[in-house]
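Structure first, commentary second.
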Amino acid sequence: MTRHPPSIDDESLIAALRLTGGHDPVPAHVSAAARAVYGLRMPGATTAQPAATPTPVGVRSADEPRLLRFAAAELTVDLEVTSMDGLVDLAGQVSPPPEAGTRVEVRTLHLTESRELSPTGQFAVTGLPPGWFSVVCHRPEHSSVATSWTRIRP
Amino acid sequence: MSDQHGISAALAGDQAAWDMLVGRFSGLLWSAVRAYDLSAADAADAVQGTWLRLVESLHTIRDPDRIGSWLFTTAKREASLLSRRNRGERLMADTEHAHPDPARAGQVHPDPAVTVLTADEGRRLWRAVEEMHEPCRSLFLLMAAAPDAGVHQLAGRLGMPSGSYGPTRGRCLNRLRTMLTAQEATP
């Protein structure tokens, strides 16, 4: 049996050399952040996965909105992302519009913003710190849907 | 605690079980992302993303024995995305998602690389490095000993032009791979 087929890539070899070389220990804050991630789990929530965006996206630029789409079995979350002054604004559309009383949470690693969803399924949150975020729809009669964690940088 | 128990307990809400998974795999993930020449901040970001993927995919993990492979593969993808982004490749808001299809999360094939990332294999790897000629031997020793050194600095210490470092490292990695394969072929 060959344990090291040629398919092992450069980065994996470098990782192995460094890991076993022992000169690059994991910084304490990285492990602490990893432990804290557990507090963000959403038991029972369905994860909406990234899907193709509705319109072609042009040249990436800080001024142009970026469109993201996340799809679960029964609903879609579309997000328009803009950034200003190093912070991130999100305008969202949940479709089809879920039942009345649905609440949307925009979660980042450090803060969570909660919004009542409009009857047409829209919400907006401004001034978020850049980094990882997830949008959760809490529906009164159905299970919650959370968008897969996504990283946004201005 | 086995990975099986760890994942079951983490699913059941046991923070201590999660912390054990973190303790067990943090070093692996850190090395995996640092191999992409990321800064410490970007590497931390990629590792964080990997744990976020796990927390949202925990309930889909069908084969806990392969959790290490799954984490390793996911970390490499996160790091590769960040590295490409840093090099200016056009990516959509980092939404080119880095995680393996969660529906198949339990069926990830064991990454051959993961076998190298054990203490025994690591020692074998370094024995092979010790047998290498220059500049490969020094290059690997330096690369491991100075994880934060940039290409310019590493090249300087090896006495080669900066532009030669990347190609030389590539050739040395190829040699090392060949040596490891040859070792296996010898009973």
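Residues in the structure tokens are named by chain (A, B, ... in the order shown) and by number from 1 within that chain; ligands are numbered from 1 in the order shown.
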Compile the contact shell of A:Val88 as a PyMOL selection string: residues with an atom at most 7 Å away, counting only C-alpha atoms, same-chain residues fewer than 4 positions apart removed. chain A and resi 81-84+126-130+154
Dump as a compact mmCIF listing (two decimals), in the first residue's frame, selection limited to N, CA, C and O atoms:
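Output contents, as saved in selection-v3.txt:
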```
# COMPACT_ATOMS: atom_id res chain seq x y z
N VAL A 81 -24.76 43.23 -0.57
CA VAL A 81 -23.73 43.63 0.37
C VAL A 81 -23.04 44.89 -0.13
O VAL A 81 -22.56 44.93 -1.26
N THR A 82 -23.01 45.91 0.68
CA THR A 82 -22.23 47.10 0.34
C THR A 82 -21.32 47.40 1.51
O THR A 82 -21.61 47.03 2.65
N SER A 83 -20.20 48.05 1.23
CA SER A 83 -19.35 48.41 2.35
C SER A 83 -18.98 49.87 2.26
O SER A 83 -18.81 50.43 1.18
N MET A 84 -18.90 50.47 3.43
CA MET A 84 -18.59 51.89 3.49
C MET A 84 -17.78 52.10 4.76
O MET A 84 -18.12 51.57 5.83
N THR A 126 -27.18 47.71 8.97
CA THR A 126 -26.04 48.52 8.52
C THR A 126 -24.94 48.54 9.57
O THR A 126 -25.18 48.26 10.75
N GLY A 127 -23.76 48.86 9.12
CA GLY A 127 -22.64 49.09 10.03
C GLY A 127 -22.10 47.85 10.71
O GLY A 127 -21.63 47.91 11.84
N LEU A 128 -22.15 46.71 10.01
CA LEU A 128 -21.61 45.48 10.60
C LEU A 128 -20.09 45.46 10.47
O LEU A 128 -19.54 45.97 9.49
N PRO A 129 -19.42 44.84 11.44
CA PRO A 129 -17.98 44.68 11.26
C PRO A 129 -17.72 43.66 10.15
O PRO A 129 -18.49 42.73 9.99
N PRO A 130 -16.65 43.87 9.37
CA PRO A 130 -16.35 42.89 8.33
C PRO A 130 -15.92 41.56 8.97
O PRO A 130 -15.48 41.55 10.10
N PRO A 154 -14.47 44.35 3.41
CA PRO A 154 -14.76 45.53 2.61
C PRO A 154 -13.81 45.61 1.42
O PRO A 154 -12.73 45.05 1.48
```
Write out as a PyMOL selection string all residues of stretch 3-165 of chain B that backbone DSSP assigns to helix (DSSP H, G or I). chain B and resi 3-11+15-34+40-60+64-86+102-107+112-116+119-130+136-145+151-158+162-165
What does the distance from atom CA of B:Phe140 to atom CA of B:Val33 come to in Å, to one decimal?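 One can read the atom CA of B:Phe140 to atom CA of B:Val33 distance as 17.4 Å.
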Applying 12 Å and only C-alpha atoms, which residues near B:Leu52 remain after dropping the ones on its own chain fewer than 6 positions away? List them as a ChimeraX atom specification. /A:33-42,108-109,132-134,147-151 /B:22,45-46,58,71,74-75,78,98-99
Which residues, written as a ChimeraX atom specification, have at least one atom at most 12 Å from B:Glu130, with only C-alpha atoms counted and residues fewer than 6 positions away on the same chain left out? /B:123-124,136-141,176,179
Suppose you want the space between atom CA of B:Ile61 and atom CA of A:Cys137; what is it in Å?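 Interatomic distance, atom CA of B:Ile61 to atom CA of A:Cys137: 23.6 Å.
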Report as an NGL selection string all protein, DNA and RNA residues lying within 9 Å of B:His5, evaluated on only C-alpha atoms, omitting residues in the same chain fewer than 5 positions from it. :B and (10 or 17 or 64)
Give me the residues near A:Thr76 as a PyMOL selection string, where near means some atom within 12 Å (using only C-alpha atoms) and where sequence neighbours in that chain fewer than 2 positions away do not count. chain A and resi 46-54+68-74+78-79+92-98+121-122+135-137+145-147
Quick one: residues within 8 Å of A:Val30, only C-alpha atoms, excluding same-chain residues fewer than 3 positions away - as a ChimeraX atom specification? /A:26-27,33-34 /B:44,47-48
With N, CA and C atoms retained, export the selected residues as an mmCIF file, in the first residue's frame.
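Result went into selection-v7.cif, see below:
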```
data_model
loop_
_atom_site.group_PDB
_atom_site.id
_atom_site.type_symbol
_atom_site.label_atom_id
_atom_site.label_comp_id
_atom_site.auth_asym_id
_atom_site.auth_seq_id
_atom_site.Cartn_x
_atom_site.Cartn_y
_atom_site.Cartn_z
ATOM 1 N N VAL A 26 0.032 26.969 17.801
ATOM 2 C CA VAL A 26 -1.237 27.655 17.572
ATOM 3 C C VAL A 26 -1.354 28.806 18.572
ATOM 4 N N PRO A 27 -1.570 30.015 18.090
ATOM 5 C CA PRO A 27 -1.734 31.119 19.046
ATOM 6 C C PRO A 27 -2.945 30.866 19.949
ATOM 7 N N ALA A 33 -10.878 31.284 20.101
ATOM 8 C CA ALA A 33 -11.935 31.614 19.135
ATOM 9 C C ALA A 33 -12.624 30.342 18.652
ATOM 10 N N ALA A 34 -11.847 29.283 18.470
ATOM 11 C CA ALA A 34 -12.424 28.011 18.013
ATOM 12 C C ALA A 34 -13.378 27.439 19.059
ATOM 13 N N ALA B 44 -5.620 32.859 11.069
ATOM 14 C CA ALA B 44 -6.613 32.761 12.133
ATOM 15 C C ALA B 44 -8.026 32.788 11.543
ATOM 16 N N VAL B 47 -8.814 29.402 9.912
ATOM 17 C CA VAL B 47 -9.087 28.370 10.918
ATOM 18 C C VAL B 47 -10.481 28.587 11.518
ATOM 19 N N GLN B 48 -10.782 29.841 11.793
ATOM 20 C CA GLN B 48 -12.096 30.171 12.338
ATOM 21 C C GLN B 48 -13.197 29.707 11.389
#
```
